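Before any comments, here is the structure.
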Amino acid sequence: MAAHLIPRLLQSIAVVFVVVSLVFVGSRLIGDPIEAYAARNATEEAIEAQRDRLGLLDPMIVQYGNFLWGVLNLDFGDSIFSEQPAWDEVSSRMWATVQLSLAAFVLILAVGVPVGVLAAIRRGSIPDLIARLFALVSQAMPNFWLGLVLIFIFAVQLGWLPTSGKGGFENLILPAITLAGFGMAATMRLTRSGMLEVLSNDYIRTAQAKGLAQRTVIVRHALRNALLGLVTFLGITLAQLLAGSIIVEVVFAWPGVGRLIFRSISLRDFPLIQVGVLLIAVWFVVINILVDLSYNFLDPRIRVGSDA
Amino acid sequence: MAESQAPSQQVEDPFAGRRRNWRVRSPKTLVATLSILLLFIVLGLFGPHIAPEDPFKLNLVGRLQPPFFEAEGSLDHPLGTDDLGRDTLSRLIYGARISLLAIVMVIPLATVIGSILGILAGWFGGWTSRVIMALVDLQLAMPAILIAVFLRAIWEPSLSNVVIVLVFALWATFARLVRGETLGLKEREFVLAARTIGANDLRIMVRHVLPSLVNSIVILATLNVATVVIAEAGLSFLGVGIPQDSISWGIMISQGRGVIVTAWWLVTVPGIAIIVVSLVVNLFGDWLRDFLDPQLRNIQR
């Protein structure tokens with residue numbers, strides 16, 4: 001397996017490297033951070049001195065070299081705005097984002113899969129119809145809008161949950177539902193169609209014929225195979241949750257990486273942008289590798305790394 | 001992944017008991033779907049001639065009027081007014097235009113770019129494929145929203161920023177699908193036959209492979225339309241889409257956000273418009289998929 005994994009890892013590192021380089025170029029394109037911060041009466045010399053201190057006067061290639069060397073040492077320089085080390089700034093918010101994404105992912109699994117299974121085995125019934133209508137609407141709904149409506153109903157009108165910010169468990173509920181909405185619907189639809197396909201196989205009839213309990217047939221024989229087709233999708237979903245969390249974090253004032261990056265770009269805070277985007281890219285790449293590996297556990301017939 | 005097994009419609013249900021088959025898709029829903037789609041397109045094209053009022057006209061006396069079905073509402077402003085007294089219905093109608101423009105510009109570009117790269121990757125394999133698939137990976141690792149924020153920092157907000165961001169976000173799904181299908185088609189007899197009689201690569205790709213791909217490409221394009229509508233609204237909502245003084249459903253939601261407690265309709269109405277349009281486009285896409293090629297049920301947004 002290691003032989004398959006190594007090229008995969010190299011490719012992943014290449015992707016991360018290109019993303020990091022693009023971010024470096026992009027963050028230089030968005031303009032001079034000093035102009036955004038310098039006091040209006042700052043002298044020309046003071047501004048130059050600041051630029052010098054941040055290394056902005058070095059040739060681009062030197063800045064790039066310094067930047068890459070810093071990446072290897074997890075040293076991304078200090079945030080221009082807060083003057084704290086950028087890595088600390090971002091990593092202290094990473095947990096909030098991971099928490100939100102994982103909560104949403106758990107919701108997606110806990111709701112999407114069982115409802116999908118139920119809809120498949122009761123195909124054509126009213127619960128199935130309701131589940132499918134629900135999925136159709138959820139997939140058509142912008143998540144930031146869902147967030148606002150949930151805030152309006154549950155925080156403003158009913159006063160059950162806080163409107164925004166981070167605190168206890170109750171602060172997590174609305175953002176997690178908002179972030180999970182689309183994924184839940186898509187997972188439910190995929191589980192349903194996957195189950196319907198699997199249930200038509202001969203081995204399901206065999207399992208029923210030999211008198212196994214329906215529960216066993218559904219869970220052990222059908223669901224396990226249906227899940228196989230879901231793994232790639234769930235992996236992509238998990239990776240996209242992090243990107244999707246940016247807008248949800250903005251709506252709910254959730255103190256995560258997404259909101260930090262969003263703010264940093266308008267403040268032209270290069271070091272923070274670079275760390276934030278790097279973390280998102282690494283997260284994606286790691287998940288992709290995990291998805292590939294999980295095939296091995298679910299289906300021994302598939303070899304990781306086989307060029308498909 | 002696109003090659004799937006038998007379509008579920010014909011699958012025998014081993015758990016079938018007594019039941020009535022409730023369907024979401026029926027000829028009736030198809031007619032309703034098409035009518036709403038048509039309405040959306042007409043509003044997008046002719047909105048300025050249809051809208052009852054100038055959507056920019058301020059009316060500070062008639063601020064925050066509720067929709068007609070509420071006690072204080074009136075039919076002068078059927079969907080109420082915003083905090084500057086502007087007519088919500090007229091703004092909604094104008095907003096359809098931006099959504100339609102985004103669709104018309106993004107979908108063809110993403111489809112063509114993605115399909116060309118996908119067919120090249122599938123046909124030539126090797127390094128061509130490796131480089132193109134690396135680009136696909138790269139796209140997935142760079143959330144579109146971040147690109148949008150970067151572009152916003154470099155350029156003034158505009159529709160072209162939105163188009164660039166969304167084309168960038170969507171081409172990869174086309175490339176993946178087309179590459180996968182091209183790989184399968186490459187081994188088919190009619191392609192081998194074309195090669196045997198001496199057709200060159202370009203000719204085979206255009207005349208023999210591409211026609212077999214058209215159905216899947218059209219289906220995927222349809223299924224991406226809703227994504228464009230929702231994403232444009234999201235970008236504009238965040239202030240990294242089209243200019244804040246123009247009218248888009250996303251901008252309407254973001255402006256209504258501040259007064260959501262007193263004026264629920266300002267957030268709700270444009271949101272429902274987005275949902276309805278996305279919903280009917282998705283239904284149409286599902287229907288088109290079943291109609292064109294039931295084998296392709298697994299194409300996902």
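In the structure tokens, the first chain shown is A, the next is B, and so on; residue numbers restart at 1 for each chain, and ligands run from 1 in the order shown.
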Hey, what's within 10 Å of A:Ala140 if we count only C-alpha atoms and toss same-chain stuff fewer than 4 positions away? As a PDB file with C-alpha atoms, in the first residue's frame, please?
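See out.pdb below for the written result:
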```pdb
ATOM      1  CA  ALA A 135     -34.270  17.459  -0.160  1.00  0.00           C
ATOM      2  CA  LEU A 136     -35.290  19.319  -3.307  1.00  0.00           C
ATOM      3  CA  PHE A 182     -27.233  21.265   1.395  1.00  0.00           C
ATOM      4  CA  ALA A 185     -30.210  16.867   1.230  1.00  0.00           C
TER       5      ALA A 185
ATOM      6  CA  ALA B 226     -28.923  26.452  -9.777  1.00  0.00           C
ATOM      7  CA  THR B 227     -25.401  26.514  -8.406  1.00  0.00           C
ATOM      8  CA  VAL B 229     -27.919  31.368  -9.142  1.00  0.00           C
ATOM      9  CA  ILE B 230     -27.152  30.500  -5.528  1.00  0.00           C
ATOM     10  CA  ILE B 272     -37.814  32.548  -1.902  1.00  0.00           C
ATOM     11  CA  ILE B 274     -33.734  32.149  -5.369  1.00  0.00           C
ATOM     12  CA  ILE B 275     -35.221  28.919  -4.022  1.00  0.00           C
ATOM     13  CA  VAL B 276     -38.013  28.813  -6.586  1.00  0.00           C
ATOM     14  CA  VAL B 277     -35.699  29.425  -9.539  1.00  0.00           C
ATOM     15  CA  SER B 278     -33.101  26.917  -8.318  1.00  0.00           C
ATOM     16  CA  LEU B 279     -35.789  24.386  -7.547  1.00  0.00           C
ATOM     17  CA  VAL B 280     -37.442  24.507 -10.955  1.00  0.00           C
ATOM     18  CA  VAL B 281     -34.096  24.467 -12.745  1.00  0.00           C
ATOM     19  CA  ASN B 282     -33.084  21.399 -10.746  1.00  0.00           C
TER      20      ASN B 282
END
```
Exercise for the section: Dump as a ChimeraX atom specification the residues of chain A that approach chain B to within 7 Å, counting only C-alpha atoms. Expected result: /A:15,19,26,29-30,121,124-126,129,136-137,140-142,145,193,196-197,199-200,243,265-266,281,284
Practice task
For stretch 112-128 of chain B, work out the shell of residues within 8 Å, counting only C-alpha atoms and skipping chain neighbours fewer than 2 positions away, then give it as a list in words.
Solution key: Pro108, Leu109, Ala110, Arg130, Val131, Ile132, Met133, Leu170, Trp171, Ala172, Thr173, Phe174, Ala175, Arg176, Leu177, Val178, Arg179, Gly180, Glu181, Thr182, Leu183, Lys186, Met205 and Ile217 of chain B
Practice task
Can you list, as a PyMOL selection string, all residues belonging to stretch 151-265 of chain A that DSSP tags as alpha helix (DSSP H)?
Solution key: chain A and resi 169-199+202-209+214-216+224-252+257-265
Problem - Residue neighbourhood A:Val257, 10 Å, only C-alpha atoms, exclusion window fewer than 3 positions, as JSON, numbers by chain - result: {"A": [89, 90, 91, 92, 93, 94, 95, 96, 97, 98, 242, 243, 245, 246, 249, 254, 260, 261, 262, 263, 272, 273, 275, 276, 277, 279, 280]}
Residues near stretch 150-152 of chain A, cut-off 8 Å, only C-alpha atoms, skip fewer than 3 positions along chain, as a PDB file with C-alpha atoms, in the first residue's frame:
```pdb
ATOM      1  CA  LEU A 146     -31.181  29.683   5.659  1.00  0.00           C
ATOM      2  CA  GLY A 147     -28.893  31.047   8.377  1.00  0.00           C
ATOM      3  CA  ALA A 155     -33.130  33.509  18.051  1.00  0.00           C
ATOM      4  CA  VAL A 156     -35.189  36.642  17.438  1.00  0.00           C
ATOM      5  CA  GLN A 157     -38.786  35.412  17.537  1.00  0.00           C
ATOM      6  CA  THR A 163     -28.185  34.893  17.432  1.00  0.00           C
ATOM      7  CA  LEU A 174     -27.873  27.089  14.215  1.00  0.00           C
TER       8      LEU A 174
ATOM      9  CA  ILE B 260     -34.903  41.634   9.592  1.00  0.00           C
ATOM     10  CA  VAL B 261     -36.575  42.094  12.978  1.00  0.00           C
TER      11      VAL B 261
END
```
Exercise for the section: May I have the residues within 7 Å of B:Gly285 as a VMD selection string, using only C-alpha atoms and disregarding those fewer than 6 positions away in the same chain? Expected result: chain B and resid 219 222 to 223
Exercise for the section: For A:Val111, please output as a VMD selection string all residues within 10 Å (counting only C-alpha atoms; exclusion window: fewer than 2 positions along the same chain). Expected result: chain A and resid 105 to 109 113 to 116 180 183 to 185 187 to 188
Would you output that residue set with C-alpha atoms, as a compact mmCIF listing (two decimals), in the first residue's frame?
```
# COMPACT_ATOMS: atom_id res chain seq x y z
CA PHE A 105 -20.70 16.63 9.03
CA VAL A 106 -22.14 14.62 11.90
CA LEU A 107 -25.54 16.14 11.15
CA ILE A 108 -25.18 15.24 7.48
CA LEU A 109 -24.42 11.62 8.34
CA VAL A 113 -28.11 8.46 5.64
CA PRO A 114 -30.99 7.14 7.82
CA VAL A 115 -33.57 9.27 6.04
CA GLY A 116 -32.20 8.12 2.69
CA ALA A 180 -25.19 21.08 6.86
CA GLY A 183 -25.08 18.26 2.31
CA MET A 184 -27.92 16.62 4.23
CA ALA A 185 -30.21 16.87 1.23
CA THR A 187 -26.62 12.74 1.05
CA MET A 188 -30.23 11.75 1.52
```
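Pairwise distance (atom CA of B:Leu292, atom CA of B:Asn215) equals 6.5 Å.
If you measure from each of A:Leu278, A:Gln11, A:Ile218, A:Tyr203 to A:Leu72 using only C-alpha atoms, the closest one turns out to be A:Leu278.
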Practice task
Have a look at atom CA of B:Gly241 and atom CA of B:Ala148 and let me know their distance in Å, one decimal.
Solution key: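 So the two atoms, atom CA of B:Gly241 and atom CA of B:Ala148, lie 7.4 Å apart.
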